[in-house]
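What follows is the content of data00.cif, which has mmCIF, N, CA and C atoms:
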```
data_model
loop_
_atom_site.label_atom_id
_atom_site.label_comp_id
_atom_site.auth_asym_id
_atom_site.auth_seq_id
_atom_site.Cartn_x
_atom_site.Cartn_y
_atom_site.Cartn_z
N MET M 4 -121.34 157.52 -84.25
CA MET M 4 -120.41 157.76 -83.16
C MET M 4 -118.99 157.81 -83.71
N THR M 5 -118.16 158.59 -83.06
CA THR M 5 -116.75 158.64 -83.42
C THR M 5 -116.04 157.43 -82.83
N VAL M 6 -114.83 157.17 -83.28
CA VAL M 6 -114.06 156.05 -82.74
C VAL M 6 -113.86 156.26 -81.24
N ARG M 7 -113.53 157.48 -80.83
CA ARG M 7 -113.31 157.74 -79.40
C ARG M 7 -114.59 157.47 -78.60
N GLN M 8 -115.73 157.82 -79.14
CA GLN M 8 -116.99 157.55 -78.45
C GLN M 8 -117.22 156.05 -78.30
N TRP M 9 -116.86 155.28 -79.32
CA TRP M 9 -116.96 153.82 -79.22
C TRP M 9 -116.03 153.31 -78.13
N VAL M 10 -114.81 153.87 -78.07
CA VAL M 10 -113.86 153.46 -77.04
C VAL M 10 -114.44 153.77 -75.66
N LEU M 11 -114.96 154.96 -75.48
CA LEU M 11 -115.53 155.33 -74.18
C LEU M 11 -116.75 154.48 -73.84
N ALA M 12 -117.45 153.98 -74.85
CA ALA M 12 -118.61 153.12 -74.62
C ALA M 12 -118.21 151.78 -74.00
N LEU M 13 -116.92 151.46 -74.03
CA LEU M 13 -116.44 150.25 -73.37
C LEU M 13 -116.63 150.33 -71.85
N SER M 14 -116.87 151.55 -71.35
CA SER M 14 -117.10 151.72 -69.91
C SER M 14 -118.57 151.97 -69.58
N ALA M 15 -119.44 151.76 -70.54
CA ALA M 15 -120.87 152.00 -70.33
C ALA M 15 -121.44 151.12 -69.23
N GLY M 16 -122.49 151.58 -68.61
CA GLY M 16 -123.14 150.81 -67.55
C GLY M 16 -123.85 149.57 -68.04
N GLU M 17 -124.35 149.62 -69.25
CA GLU M 17 -125.10 148.49 -69.84
C GLU M 17 -124.14 147.52 -70.53
N GLU M 18 -124.23 146.26 -70.17
CA GLU M 18 -123.37 145.24 -70.78
C GLU M 18 -123.56 145.17 -72.29
N ALA M 19 -124.79 145.31 -72.75
CA ALA M 19 -125.07 145.26 -74.19
C ALA M 19 -124.35 146.38 -74.92
N GLU M 20 -124.30 147.56 -74.31
CA GLU M 20 -123.61 148.69 -74.94
C GLU M 20 -122.10 148.45 -74.97
N ARG M 21 -121.55 147.90 -73.88
CA ARG M 21 -120.12 147.59 -73.85
C ARG M 21 -119.78 146.54 -74.91
N HIS M 22 -120.64 145.54 -75.03
CA HIS M 22 -120.42 144.49 -76.02
C HIS M 22 -120.47 145.06 -77.44
N ALA M 23 -121.48 145.89 -77.70
CA ALA M 23 -121.61 146.50 -79.04
C ALA M 23 -120.39 147.33 -79.37
N ALA M 24 -119.86 148.05 -78.37
CA ALA M 24 -118.67 148.87 -78.60
C ALA M 24 -117.49 147.98 -78.97
N GLY M 25 -117.32 146.88 -78.25
CA GLY M 25 -116.22 145.97 -78.55
C GLY M 25 -116.32 145.37 -79.94
N VAL M 26 -117.52 144.98 -80.32
CA VAL M 26 -117.74 144.42 -81.66
C VAL M 26 -117.45 145.47 -82.73
N HIS M 27 -117.93 146.69 -82.51
CA HIS M 27 -117.71 147.75 -83.49
C HIS M 27 -116.22 148.09 -83.62
N LEU M 28 -115.53 148.18 -82.49
CA LEU M 28 -114.09 148.49 -82.53
C LEU M 28 -113.31 147.38 -83.23
N ALA M 29 -113.68 146.14 -82.98
CA ALA M 29 -113.02 145.03 -83.66
C ALA M 29 -113.24 145.12 -85.17
N ALA M 30 -114.45 145.50 -85.57
CA ALA M 30 -114.75 145.63 -87.00
C ALA M 30 -113.95 146.78 -87.63
N LEU M 31 -113.70 147.82 -86.85
CA LEU M 31 -112.90 148.94 -87.36
C LEU M 31 -111.44 148.54 -87.54
N GLY M 32 -111.00 147.59 -86.75
CA GLY M 32 -109.62 147.10 -86.87
C GLY M 32 -108.59 148.17 -86.62
N SER M 33 -107.63 148.26 -87.51
CA SER M 33 -106.50 149.18 -87.36
C SER M 33 -106.94 150.64 -87.20
N ALA M 34 -108.07 150.99 -87.75
CA ALA M 34 -108.56 152.37 -87.64
C ALA M 34 -108.88 152.74 -86.20
N ALA M 35 -109.14 151.74 -85.36
CA ALA M 35 -109.47 152.00 -83.96
C ALA M 35 -108.23 152.07 -83.07
N LEU M 36 -107.08 151.64 -83.59
CA LEU M 36 -105.88 151.55 -82.76
C LEU M 36 -105.45 152.86 -82.11
N PRO M 37 -105.36 153.98 -82.84
CA PRO M 37 -104.90 155.21 -82.17
C PRO M 37 -105.76 155.60 -80.97
N ALA M 38 -107.07 155.51 -81.10
CA ALA M 38 -107.96 155.90 -80.00
C ALA M 38 -107.84 154.92 -78.84
N LEU M 39 -107.72 153.63 -79.13
CA LEU M 39 -107.58 152.65 -78.07
C LEU M 39 -106.26 152.81 -77.33
N VAL M 40 -105.18 153.02 -78.06
CA VAL M 40 -103.87 153.19 -77.43
C VAL M 40 -103.82 154.49 -76.64
N ASP M 41 -104.39 155.56 -77.17
CA ASP M 41 -104.44 156.83 -76.42
C ASP M 41 -105.16 156.63 -75.10
N GLU M 42 -106.26 155.90 -75.14
CA GLU M 42 -107.04 155.67 -73.92
C GLU M 42 -106.26 154.78 -72.95
N LEU M 43 -105.51 153.83 -73.47
CA LEU M 43 -104.69 152.96 -72.64
C LEU M 43 -103.62 153.77 -71.91
N ARG M 44 -103.09 154.78 -72.57
CA ARG M 44 -102.04 155.63 -71.97
C ARG M 44 -102.60 156.63 -70.97
N ASP M 45 -103.90 156.86 -70.99
CA ASP M 45 -104.53 157.88 -70.14
C ASP M 45 -104.86 157.30 -68.77
N ASP M 46 -104.10 157.71 -67.77
CA ASP M 46 -104.32 157.20 -66.41
C ASP M 46 -105.69 157.59 -65.85
N ALA M 47 -106.28 158.64 -66.40
CA ALA M 47 -107.58 159.10 -65.91
C ALA M 47 -108.75 158.55 -66.71
N SER M 48 -108.48 157.61 -67.61
CA SER M 48 -109.53 157.05 -68.46
C SER M 48 -110.60 156.34 -67.64
N PRO M 49 -111.86 156.53 -68.01
CA PRO M 49 -112.93 155.79 -67.33
C PRO M 49 -113.02 154.34 -67.79
N VAL M 50 -112.30 154.01 -68.85
CA VAL M 50 -112.33 152.66 -69.41
C VAL M 50 -111.25 151.82 -68.72
N THR M 51 -111.62 150.64 -68.26
CA THR M 51 -110.64 149.79 -67.58
C THR M 51 -109.59 149.28 -68.57
N GLU M 52 -108.40 149.03 -68.04
CA GLU M 52 -107.35 148.46 -68.88
C GLU M 52 -107.80 147.12 -69.45
N SER M 53 -108.52 146.37 -68.65
CA SER M 53 -109.01 145.07 -69.10
C SER M 53 -109.89 145.20 -70.34
N ALA M 54 -110.80 146.17 -70.32
CA ALA M 54 -111.69 146.38 -71.47
C ALA M 54 -110.91 146.84 -72.69
N LEU M 55 -109.94 147.72 -72.48
CA LEU M 55 -109.13 148.22 -73.59
C LEU M 55 -108.29 147.09 -74.19
N LEU M 56 -107.66 146.30 -73.32
CA LEU M 56 -106.82 145.21 -73.82
C LEU M 56 -107.66 144.14 -74.51
N SER M 57 -108.87 143.92 -74.05
CA SER M 57 -109.77 142.98 -74.72
C SER M 57 -110.10 143.47 -76.12
N ALA M 58 -110.40 144.75 -76.24
CA ALA M 58 -110.70 145.32 -77.56
C ALA M 58 -109.48 145.24 -78.47
N LEU M 59 -108.32 145.53 -77.92
CA LEU M 59 -107.09 145.46 -78.72
C LEU M 59 -106.80 144.02 -79.14
N ARG M 60 -107.03 143.08 -78.24
CA ARG M 60 -106.82 141.66 -78.55
C ARG M 60 -107.75 141.22 -79.68
N SER M 61 -108.97 141.76 -79.69
CA SER M 61 -109.92 141.37 -80.74
C SER M 61 -109.49 141.87 -82.11
N ILE M 62 -108.66 142.91 -82.15
CA ILE M 62 -108.14 143.41 -83.42
C ILE M 62 -107.04 142.49 -83.93
N GLY M 63 -106.33 141.87 -83.02
CA GLY M 63 -105.32 140.90 -83.41
C GLY M 63 -103.94 141.48 -83.66
N ALA M 64 -103.21 140.83 -84.55
CA ALA M 64 -101.81 141.15 -84.80
C ALA M 64 -101.52 142.62 -85.10
N PRO M 65 -102.38 143.32 -85.83
CA PRO M 65 -102.07 144.74 -86.10
C PRO M 65 -101.94 145.58 -84.83
N ALA M 66 -102.50 145.10 -83.72
CA ALA M 66 -102.45 145.87 -82.47
C ALA M 66 -101.16 145.65 -81.71
N PHE M 67 -100.39 144.63 -82.06
CA PHE M 67 -99.23 144.28 -81.24
C PHE M 67 -98.23 145.41 -81.12
N ASP M 68 -97.73 145.94 -82.24
CA ASP M 68 -96.70 146.98 -82.17
C ASP M 68 -97.18 148.24 -81.46
N PRO M 69 -98.38 148.76 -81.76
CA PRO M 69 -98.83 149.95 -81.03
C PRO M 69 -98.97 149.71 -79.52
N VAL M 70 -99.45 148.54 -79.13
CA VAL M 70 -99.59 148.24 -77.70
C VAL M 70 -98.21 148.08 -77.07
N PHE M 71 -97.33 147.38 -77.74
CA PHE M 71 -95.97 147.21 -77.24
C PHE M 71 -95.30 148.56 -77.04
N ASP M 72 -95.41 149.44 -78.02
CA ASP M 72 -94.82 150.78 -77.90
C ASP M 72 -95.41 151.56 -76.74
N ALA M 73 -96.73 151.45 -76.56
CA ALA M 73 -97.39 152.16 -75.46
C ALA M 73 -96.91 151.63 -74.11
N LEU M 74 -96.80 150.32 -74.00
CA LEU M 74 -96.34 149.73 -72.74
C LEU M 74 -94.87 150.04 -72.49
N ARG M 75 -94.06 149.99 -73.52
CA ARG M 75 -92.64 150.30 -73.38
C ARG M 75 -92.46 151.74 -72.94
N GLY M 76 -93.29 152.64 -73.48
CA GLY M 76 -93.22 154.05 -73.11
C GLY M 76 -93.67 154.31 -71.69
N ALA M 77 -94.40 153.38 -71.10
CA ALA M 77 -94.90 153.55 -69.74
C ALA M 77 -93.89 153.11 -68.69
N VAL M 78 -92.83 152.41 -69.14
CA VAL M 78 -91.82 151.92 -68.22
C VAL M 78 -90.69 152.95 -68.14
N PRO M 79 -90.41 153.49 -66.94
CA PRO M 79 -89.33 154.49 -66.81
C PRO M 79 -87.99 153.93 -67.32
N GLY M 80 -87.32 154.77 -68.09
CA GLY M 80 -85.99 154.41 -68.60
C GLY M 80 -85.99 153.44 -69.75
N SER M 81 -87.14 153.21 -70.36
CA SER M 81 -87.21 152.21 -71.44
C SER M 81 -87.06 152.80 -72.83
N HIS M 82 -86.97 154.12 -72.97
CA HIS M 82 -86.82 154.65 -74.33
C HIS M 82 -85.51 155.28 -74.52
#
```
Please rewrite the model in this file as C-alpha coordinates.
Amino acid sequence: MTVRQWVLALSAGEEAERHAAGVHLAALGSAALPALVDELRDDASPVTESALLSALRSIGAPAFDPVFDALRGAVPGSH
(Lines of atoms letter the chains of each structure in order from A and count residues from 1; the text may use other names and numbers.)
(Lines give C-alpha, C1' and ligand atoms only; values in the text may rest on other atoms or scores of the structure.)
Protein backbone atom coordinates (compact mmCIF):
# COMPACT_ATOMS: atom_id res chain seq x y z
CA MET A 1 0.00 0.00 0.00
CA THR A 2 1.08 3.57 -0.57
CA VAL A 3 1.40 6.00 2.32
CA ARG A 4 -1.81 7.74 1.19
CA GLN A 5 -3.64 4.40 1.17
CA TRP A 6 -2.47 3.78 4.74
CA VAL A 7 -3.74 7.25 5.69
CA LEU A 8 -7.12 6.56 4.09
CA ALA A 9 -7.23 3.22 5.92
CA LEU A 10 -7.56 5.26 9.13
CA SER A 11 -11.21 5.63 8.10
CA ALA A 12 -11.80 1.93 7.41
CA GLY A 13 -14.91 0.27 8.77
CA GLU A 14 -12.96 -2.45 10.56
CA GLU A 15 -11.25 -1.42 13.79
CA ALA A 16 -8.41 -3.87 13.14
CA GLU A 17 -7.70 -2.22 9.79
CA ARG A 18 -7.74 1.27 11.35
CA HIS A 19 -5.38 0.07 14.08
CA ALA A 20 -3.01 -1.56 11.57
CA ALA A 21 -2.94 1.68 9.56
CA GLY A 22 -2.05 3.69 12.65
CA VAL A 23 0.73 1.29 13.60
CA HIS A 24 2.12 1.29 10.07
CA LEU A 25 2.03 5.09 9.80
CA ALA A 26 3.78 5.42 13.16
CA ALA A 27 6.48 3.03 11.94
CA LEU A 28 6.93 5.14 8.80
CA GLY A 29 7.50 8.18 10.99
CA SER A 30 8.52 11.33 9.15
CA ALA A 31 7.92 9.67 5.78
CA ALA A 32 4.19 9.64 6.57
CA LEU A 33 4.00 13.32 7.51
CA PRO A 34 3.28 14.86 4.08
CA ALA A 35 0.34 12.52 3.42
CA LEU A 36 -1.06 12.94 6.93
CA VAL A 37 -0.79 16.74 6.82
CA ASP A 38 -2.31 16.88 3.32
CA GLU A 39 -5.25 14.84 4.57
CA LEU A 40 -5.57 17.08 7.64
CA ARG A 41 -5.84 20.11 5.34
CA ASP A 42 -8.48 18.44 3.15
CA ASP A 43 -11.95 19.45 4.36
CA ALA A 44 -13.47 16.67 2.25
CA SER A 45 -11.28 13.92 3.74
CA PRO A 46 -13.09 10.77 4.82
CA VAL A 47 -10.59 10.46 7.68
CA THR A 48 -11.59 12.17 10.92
CA GLU A 49 -9.36 14.86 12.35
CA SER A 50 -9.19 12.79 15.51
CA ALA A 51 -7.75 9.80 13.65
CA LEU A 52 -5.26 11.99 11.77
CA LEU A 53 -4.12 13.78 14.92
CA SER A 54 -3.76 10.45 16.72
CA ALA A 55 -1.52 9.16 13.93
CA LEU A 56 0.49 12.37 13.97
CA ARG A 57 0.82 12.21 17.76
CA SER A 58 2.17 8.66 17.46
CA ILE A 59 4.97 9.98 15.23
CA GLY A 60 5.96 12.39 17.98
CA ALA A 61 8.16 15.47 17.86
CA PRO A 62 8.94 15.34 14.12
CA ALA A 63 5.23 15.99 13.47
CA PHE A 64 5.05 19.19 15.51
CA ASP A 65 6.28 21.73 12.94
CA PRO A 66 4.31 20.33 9.98
CA VAL A 67 1.11 20.19 12.05
CA PHE A 68 1.70 23.65 13.47
CA ASP A 69 2.23 25.04 9.97
CA ALA A 70 -0.93 23.33 8.70
CA LEU A 71 -2.99 24.69 11.57
CA ARG A 72 -1.51 28.17 11.26
CA GLY A 73 -2.34 28.14 7.55
CA ALA A 74 -5.94 27.27 8.36
CA VAL A 75 -6.44 30.40 10.46
CA PRO A 76 -7.44 33.45 8.35
CA GLY A 77 -4.86 36.22 8.49
CA SER A 78 -2.20 34.10 10.15
CA HIS A 79 0.40 34.08 7.38
Applying the PyMOL selection byres ((chain M and resi 61) around 8) to the file I just gave you, which residues come out? Please list them as a list in words.
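When the PyMOL selection byres ((chain M and resi 61) around 8) is applied to the shown file, the picked residues are Gly25, Leu28, Ala29, Ala30, Gly32, Leu55, Leu56, Ser57, Ala58, Leu59, Arg60, Ile62, Gly63, Ala64 and Ala66 of chain M.
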Selected residues written out, N, CA and C atoms, as a PDB file, in the coordinates of the input:
```pdb
ATOM      1  N   GLY M  25    -117.320 146.880 -78.250  1.00  0.00           N
ATOM      2  CA  GLY M  25    -116.220 145.970 -78.550  1.00  0.00           C
ATOM      3  C   GLY M  25    -116.320 145.370 -79.940  1.00  0.00           C
ATOM      4  N   LEU M  28    -115.530 148.180 -82.490  1.00  0.00           N
ATOM      5  CA  LEU M  28    -114.090 148.490 -82.530  1.00  0.00           C
ATOM      6  C   LEU M  28    -113.310 147.380 -83.230  1.00  0.00           C
ATOM      7  N   ALA M  29    -113.680 146.140 -82.980  1.00  0.00           N
ATOM      8  CA  ALA M  29    -113.020 145.030 -83.660  1.00  0.00           C
ATOM      9  C   ALA M  29    -113.240 145.120 -85.170  1.00  0.00           C
ATOM     10  N   ALA M  30    -114.450 145.500 -85.570  1.00  0.00           N
ATOM     11  CA  ALA M  30    -114.750 145.630 -87.000  1.00  0.00           C
ATOM     12  C   ALA M  30    -113.950 146.780 -87.630  1.00  0.00           C
ATOM     13  N   GLY M  32    -111.000 147.590 -86.750  1.00  0.00           N
ATOM     14  CA  GLY M  32    -109.620 147.100 -86.870  1.00  0.00           C
ATOM     15  C   GLY M  32    -108.590 148.170 -86.620  1.00  0.00           C
ATOM     16  N   LEU M  55    -109.940 147.720 -72.480  1.00  0.00           N
ATOM     17  CA  LEU M  55    -109.130 148.220 -73.590  1.00  0.00           C
ATOM     18  C   LEU M  55    -108.290 147.090 -74.190  1.00  0.00           C
ATOM     19  N   LEU M  56    -107.660 146.300 -73.320  1.00  0.00           N
ATOM     20  CA  LEU M  56    -106.820 145.210 -73.820  1.00  0.00           C
ATOM     21  C   LEU M  56    -107.660 144.140 -74.510  1.00  0.00           C
ATOM     22  N   SER M  57    -108.870 143.920 -74.050  1.00  0.00           N
ATOM     23  CA  SER M  57    -109.770 142.980 -74.720  1.00  0.00           C
ATOM     24  C   SER M  57    -110.100 143.470 -76.120  1.00  0.00           C
ATOM     25  N   ALA M  58    -110.400 144.750 -76.240  1.00  0.00           N
ATOM     26  CA  ALA M  58    -110.700 145.320 -77.560  1.00  0.00           C
ATOM     27  C   ALA M  58    -109.480 145.240 -78.470  1.00  0.00           C
ATOM     28  N   LEU M  59    -108.320 145.530 -77.920  1.00  0.00           N
ATOM     29  CA  LEU M  59    -107.090 145.460 -78.720  1.00  0.00           C
ATOM     30  C   LEU M  59    -106.800 144.020 -79.140  1.00  0.00           C
ATOM     31  N   ARG M  60    -107.030 143.080 -78.240  1.00  0.00           N
ATOM     32  CA  ARG M  60    -106.820 141.660 -78.550  1.00  0.00           C
ATOM     33  C   ARG M  60    -107.750 141.220 -79.680  1.00  0.00           C
ATOM     34  N   ILE M  62    -108.660 142.910 -82.150  1.00  0.00           N
ATOM     35  CA  ILE M  62    -108.140 143.410 -83.420  1.00  0.00           C
ATOM     36  C   ILE M  62    -107.040 142.490 -83.930  1.00  0.00           C
ATOM     37  N   GLY M  63    -106.330 141.870 -83.020  1.00  0.00           N
ATOM     38  CA  GLY M  63    -105.320 140.900 -83.410  1.00  0.00           C
ATOM     39  C   GLY M  63    -103.940 141.480 -83.660  1.00  0.00           C
ATOM     40  N   ALA M  64    -103.210 140.830 -84.550  1.00  0.00           N
ATOM     41  CA  ALA M  64    -101.810 141.150 -84.800  1.00  0.00           C
ATOM     42  C   ALA M  64    -101.520 142.620 -85.100  1.00  0.00           C
ATOM     43  N   ALA M  66    -102.500 145.100 -83.720  1.00  0.00           N
ATOM     44  CA  ALA M  66    -102.450 145.870 -82.470  1.00  0.00           C
ATOM     45  C   ALA M  66    -101.160 145.650 -81.710  1.00  0.00           C
TER      46      ALA M  66
END
```
For Arg7 of chain M, which residue among M:Leu39, M:Arg44, M:Leu74, M:Val26 is the nearest when counting only C-alpha atoms?
M:Leu39
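Atom pair atom CA of His27 of chain M / atom CA of Asp72 of chain M has a distance of 23.8 Å (rounded to one decimal).
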Please, what distance in Å, to one decimal, runs between atom CA of Ser33 of chain M and atom CA of Trp9 of chain M?
14.0 Å
So which one's closest to Ala12 of chain M, M:Leu36, M:Leu31, M:Val50, M:Leu43? Using all atoms listed in the file, please.
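Counting all atoms listed in the file, the residue closest to Ala12 of chain M is M:Val50.
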What is the atom CA of Thr5 of chain M to atom CA of Ala38 of chain M distance in Å?
9.8 Å
Looking at only C-alpha atoms, which of M:Ala73, M:Phe67, M:Glu18, M:Ala24 is the one that sits closest to Asp45 of chain M?
M:Ala73
Using all atoms listed in the file, which of the listed residues (M:Val6, M:Gly16, M:Ser48, M:Leu11) sits closest to Ala34 of chain M?
M:Val6
Work out where the centre of an axis-aligned box around every listed atom of segment 62-73 of chain M lies and how long its edges are once 4 Å is added on each side; give both in Å to one decimal as AutoDock Vina command-line options.
```
--center_x -101.7 --center_y 146.5 --center_z -80.1 --size_x 21.8 --size_y 19.3 --size_z 20.0
```
Mind listing the helix (DSSP H, G or I) residues of chain M, per DSSP on the backbone, as a PyMOL selection string?
chain M and resi 6-14+18-44+52-62+64-77
I need the residue nearest Val10 of chain M from this list: M:Ala23, M:Arg75, M:Pro69, M:Asp46. Use only C-alpha atoms for the distance.
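Smallest distance to Val10 of chain M is found for M:Ala23.
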